[in-house]
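Step one of this worksheet: look at the structure below.
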Amino acid sequence: MQIQPILAALKKHKIPAFLIVLEIALACAVLCNTVFMIGQRISEIHLPNAIDEAGVSVINVNGIDPKTANADIPRDLDALRQIPGVTAAAAFNMFPLGNNSWNTDVGTSPDSLFAKDSPNIAEYMFTKGGPEAIGMRLLEGRFFTDEEYAGSKLGDNYLPTSHVVVVTQSLAQRLWPGESALGKRVWIGQQQNYTVVGVVANVLRPGQNGGGIGHFYWAMFLPVSPAAGIQNYVVRSAPQARDRVLRDSVAKLEALSPSVVVKGQAFTEIRNKFFADARSMVWMLVLVCVVMLAVTAFGIVGLTSFWVGQRRRQIGIRRAVGATRAHILQYFQTENFLLSTAGVVIGMVLAFGINLYLMQHYQLNRLPWYYLPASAIALWLLGQLAVLGPALRAANVPPVVATRDA
Amino acid sequence: MFGYYLDLALRSFKRNRTLTALMVLALGLGIGASITTLTVLKLLSGDPLPQKSARIFAPQIDPLPSASSTRADQVWRNWGNLMTWTDAMNLLHAHRAERQAVMALSPMKITPQALDQHPFFSDGVITTSDFFGMFDAAFQYGSGWSAQDDENRAQVVVIAGFLNDKLFGGKNSVGRTLRVNDKDFRIVGVLKPWAPQPRFYAVSLGGRGYGNGDAVFVPLETGVAAQWNTQNVNCFDTGVDINHLTTAPCSWVSLWVELRSASDAGAYKTFLSNYVAQQISLGRMHHPEVNLPNLMGYLAQQRVVPNDAKLQANLAFGFLLICVVNTVGLLLAKCLRRSREIGVRRALGATRKAIFAQFMVESGMVGIAGGVLGLVFTELGLWAIRHQPAEYAKLAHLDPSMFIATFVVALVASLIAGLLPAWRACVVAPAPQLKSV
């Protein structure tokens, strides 16, 4: 196939050719960035969380009397453990992806409270049996002993009086890169410190703390004895028994303390709600992508059809002097390929520019390079698909047209 | 002449039904997407107190210890106008503004009097007496409490209209008793529906931004004396005792002031600077920076408009641009196909201007049709948004200004799209076109 005559013909139709190139360039640029955003959202929605998500329910009790909390909580937990199907239960101050969050700046030395690099992390606290109740996975070291739970009171500064802590893998790597975290100390302010006794697989934090996906796992776990504020009961059961266990648990707690407001949720529901915004954003982005590609395709169909209509006579002449149908078909396909290529090249530059703008204004990450060729191929295919109809019609123009008046 | 062009345009549409439908559809989709996202953006960046937001200010100071290397503007962005109890009380009692109020959010347990009803939690505010007057919260029954009640830690409460409907069937409940956090309070006022969108005063206090507003209002000192939990407590130094928050190094209450006019802001800022300088000389504070954004400035600083909404609007306009380019292409194809018709009209005496006008009328009509379709898509889009989980979702409705904007955008977009084809049409030379007939 010779490209020379195609270029010559395009020169005669500069404006329509330019419009097709522009449309493909815009579509390519928007597609790149939208697909990238979709990918980021989806990976957020599927963030791993090393707890027994399918078997865990969380029941929040609000409005218990602070003075009797240290007696009421063990009573409630005992009652929950007696429900058939419950394998473990414990009280937590907060839970992954919840609304309530306790956070603190931590450091590896006493002077690091206001150092620029002191990370802000989530501080989980739970009563005896917490790791089993939520289903955490120990990677190194150990969880807490009975004495450590019993000896740890929640202080007036909302920190437990214990001296041991378990950290997530991500936090261990952040604080002591390349070293084992076991035996190291986590400092909160100048007076309080905790010795790391265990490292667990990454557990998500409550709420969103900004600052990118890496920070989602910065959390530590502290043992505490029952107290006001440690008011989220985490109940674990087999996944198939979970819904019934949750109903029974709520009913039992409401019966035990009628003046308390009880709210129970399966963890899967908490996760769904948390990512509901991200999920609807994904659907919106997908919808825009599809409609945009459809509009682009119809634009190409429209312009090429007009083109074919205009050139019926030339096509007829070419057919009459020996060109086969395949030649005509190829001619329009090659023409479209050339236009798409120009559009895609401009589009990739544009996509890169848009990404830079978004990085500056919306804290988006850099577009990985492979998105560019991927959307280029997508638009090439789209162009070929769109041109097929008009090109086939062109190929069907009979040679006799050449002999007639236009 | 205009009527004749309209007639010509209609005939041309009839001749190319598919092409016309495609143009209108593409334009409609682009406009629908743009207006939908614009409506959401407008909703999110709206002024919650339009009548006086320019006179409402959020004083900001930096309470961090001397060792802190965090910049003051960073502190304000994270903590808004949160202050320590001591600073808030000092500034409140200085009475240097027309009105001033200190507040914190506190979830409150309401126990209905009917025995068969479960207790429930409501969004509550503990605040001082100027709150209602300053924020234009009007009363259905009764009134707010007095500054004296603040001092005396009076057991009084103001409730929102929707809570009054729920508990008292909407009747005048002033003087009746409400059980809040297991204590009895006397109702002194019932608010008319009042829910600023966003709920600006709650932003740095850890509250939700949208929705039907707070339900219960209790004097600040009363709630603090009872040690009610407040939603957001940011501690910045060692020696924190959570049971004595009034002396702890923690920011947890916010101060808002109303000035007589926006131009008084300079004077108030000077007062604020002098206050901080005085506290620095006393050794209580260490950073001299102060800030006094007005209500809208404060909302911008707190970035209340989510990035997602802005991204969606950007994307929608990118999409509209693609649709416009698409329309340019299709209009051009249509008009070039009619070169012969143009040639005939030119030969019969139509000027270039007349041809140009004719094609602009045609694209304008595509625009209006696109606008009507865009309106349908916008209503569809807003309907979909109302079914989203976001808390502002239910407020997404097309208002009159956006209704007009739909047609303005549609007309402008189509006229821009029509410029190039109309220009190509009017430069068509009549002679060659006529020759081939």
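Chain labels A, B, ... are given in the sequence in which chains occur in the structure tokens; within each chain residues are numbered consecutively from 1, and ligands are likewise numbered from 1 in the order shown.
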Can you check which residues of segment 9-158 of chain A DSSP gives as strand (DSSP E or B) on the backbone and send them as a ChimeraX atom specification? /A:56-62,86-92,103-105,107,120-126,138-141,154
If the cut-off is 9 Å, can you tell me the residues of chain A near chain B, counting only C-alpha atoms? I'd like them as a PDB file with C-alpha atoms, in the first residue's frame.
ATOM      1  CA  ILE A  15      -9.830  20.577   8.038  1.00  0.00           C
ATOM      2  CA  PRO A  16     -11.757  17.296   8.343  1.00  0.00           C
ATOM      3  CA  LEU A  19     -10.700  17.366  13.231  1.00  0.00           C
ATOM      4  CA  ILE A  20     -10.336  13.584  13.304  1.00  0.00           C
ATOM      5  CA  LEU A  22      -7.933  16.361  17.288  1.00  0.00           C
ATOM      6  CA  GLU A  23     -10.794  14.157  18.369  1.00  0.00           C
ATOM      7  CA  ILE A  24      -8.564  11.109  18.670  1.00  0.00           C
ATOM      8  CA  LEU A  26      -8.465  14.404  23.088  1.00  0.00           C
ATOM      9  CA  ALA A  27     -10.014  10.979  23.513  1.00  0.00           C
ATOM     10  CA  VAL A  30      -8.785  11.680  28.599  1.00  0.00           C
ATOM     11  CA  THR A  34      -9.446   8.183  33.389  1.00  0.00           C
ATOM     12  CA  ASN A  62     -22.750   4.067  73.194  1.00  0.00           C
ATOM     13  CA  GLY A  63     -23.812   5.796  76.367  1.00  0.00           C
ATOM     14  CA  LEU A 113       7.718  14.144  69.009  1.00  0.00           C
ATOM     15  CA  PHE A 114       7.986  17.222  66.814  1.00  0.00           C
ATOM     16  CA  ALA A 115      10.610  15.934  64.421  1.00  0.00           C
ATOM     17  CA  LYS A 116       9.498  16.347  60.815  1.00  0.00           C
ATOM     18  CA  GLY A 155      -4.620   6.404  81.688  1.00  0.00           C
ATOM     19  CA  ASP A 156      -5.943   9.968  81.846  1.00  0.00           C
ATOM     20  CA  ASN A 157      -3.940  10.750  78.720  1.00  0.00           C
ATOM     21  CA  TYR A 158      -5.848   8.014  76.875  1.00  0.00           C
ATOM     22  CA  ILE A 188       5.042   8.825  72.349  1.00  0.00           C
ATOM     23  CA  GLY A 189       6.275  12.140  73.675  1.00  0.00           C
ATOM     24  CA  GLN A 190       9.208  12.271  76.023  1.00  0.00           C
ATOM     25  CA  GLN A 191       7.908  10.091  78.826  1.00  0.00           C
ATOM     26  CA  PRO A 258     -31.639  -0.972  78.139  1.00  0.00           C
ATOM     27  CA  SER A 259     -30.271   2.563  78.524  1.00  0.00           C
ATOM     28  CA  VAL A 260     -27.432   1.972  76.096  1.00  0.00           C
ATOM     29  CA  VAL A 261     -27.560   2.590  72.348  1.00  0.00           C
ATOM     30  CA  LYS A 273     -19.835   1.487  53.161  1.00  0.00           C
ATOM     31  CA  ALA A 276     -18.993   3.232  48.537  1.00  0.00           C
ATOM     32  CA  ASP A 277     -17.790   6.653  47.322  1.00  0.00           C
ATOM     33  CA  SER A 280     -19.506   5.054  42.608  1.00  0.00           C
ATOM     34  CA  MET A 281     -16.615   7.170  41.310  1.00  0.00           C
ATOM     35  CA  MET A 284     -18.974   7.170  36.864  1.00  0.00           C
ATOM     36  CA  LEU A 285     -15.507   7.114  35.300  1.00  0.00           C
ATOM     37  CA  VAL A 288     -17.759   8.538  30.888  1.00  0.00           C
ATOM     38  CA  CYS A 289     -15.034   6.465  29.194  1.00  0.00           C
ATOM     39  CA  VAL A 291     -19.692   7.216  26.208  1.00  0.00           C
ATOM     40  CA  MET A 292     -16.647   9.228  25.200  1.00  0.00           C
ATOM     41  CA  VAL A 295     -18.936   9.628  20.630  1.00  0.00           C
ATOM     42  CA  THR A 296     -15.437   9.540  19.137  1.00  0.00           C
ATOM     43  CA  PHE A 298     -19.471   8.010  15.745  1.00  0.00           C
ATOM     44  CA  GLY A 299     -17.552  11.157  14.878  1.00  0.00           C
ATOM     45  CA  ILE A 300     -15.101   9.103  12.828  1.00  0.00           C
ATOM     46  CA  GLY A 302     -19.697  10.471  10.285  1.00  0.00           C
ATOM     47  CA  LEU A 303     -16.665  12.194   8.818  1.00  0.00           C
ATOM     48  CA  THR A 304     -15.439   9.133   6.908  1.00  0.00           C
ATOM     49  CA  SER A 305     -18.908   8.480   5.500  1.00  0.00           C
ATOM     50  CA  PHE A 306     -19.016  12.028   4.203  1.00  0.00           C
ATOM     51  CA  TRP A 307     -15.591  11.518   2.723  1.00  0.00           C
ATOM     52  CA  GLY A 309     -19.740  10.005  -0.367  1.00  0.00           C
ATOM     53  CA  GLN A 310     -17.668  12.836  -1.739  1.00  0.00           C
ATOM     54  CA  LEU A 358      -3.595  16.574  38.187  1.00  0.00           C
ATOM     55  CA  HIS A 361      -3.610  20.037  42.012  1.00  0.00           C
ATOM     56  CA  TYR A 362      -5.147  16.774  43.174  1.00  0.00           C
ATOM     57  CA  ASP A 405     -21.941  12.109 -14.159  1.00  0.00           C
ATOM     58  CA  ALA A 406     -21.423  12.653 -10.475  1.00  0.00           C
TER      59      ALA A 406
END
Hey, which of B:Leu373, B:Leu220, B:Ile342, B:Ala422 ends up closest to Val361 of chain B? Count only C-alpha atoms. B:Ala422
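Considering the residues B:Thr222, B:Thr406, B:Asn172, B:Gln433 and counting only C-alpha atoms, Ser34 of chain B has its shortest atom-to-atom contact with B:Thr406.
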Quick one: distance from atom CA of Ile230 of chain A to atom CA of Phe126 of chain A in Å, one decimal? 7.2 Å
List the neighbours of His327 of chain A out to 9 Å using only C-alpha atoms; skip same-chain residues closer than 4 positions along the sequence, and give me the result as an MDAnalysis selection string. chainID A and resid 1 319 323 331:332 395
Preceding selection exported with N, CA and C atoms as a short mmCIF file (atom, residue, chain, number, x, y, z; two decimals), in the first residue's frame:
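Output contents, as saved in result-v1.cif:
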data_model
loop_
_atom_site.label_atom_id
_atom_site.label_comp_id
_atom_site.auth_asym_id
_atom_site.auth_seq_id
_atom_site.Cartn_x
_atom_site.Cartn_y
_atom_site.Cartn_z
N MET A 1 0.85 -1.20 0.00
CA MET A 1 0.00 0.00 0.00
C MET A 1 0.87 1.24 0.00
N ARG A 319 -11.56 1.86 -9.40
CA ARG A 319 -12.05 0.49 -9.66
C ARG A 319 -11.99 0.17 -11.15
N ALA A 323 -8.29 -1.32 -9.72
CA ALA A 323 -8.15 -1.54 -8.28
C ALA A 323 -9.21 -2.53 -7.81
N TYR A 331 -7.25 1.25 1.40
CA TYR A 331 -6.96 2.67 1.29
C TYR A 331 -7.57 3.42 2.49
N PHE A 332 -8.84 3.17 2.75
CA PHE A 332 -9.49 3.90 3.85
C PHE A 332 -8.96 3.48 5.21
N ALA A 395 -15.81 0.27 -0.72
CA ALA A 395 -15.33 -0.86 -1.52
C ALA A 395 -16.44 -1.38 -2.42
#
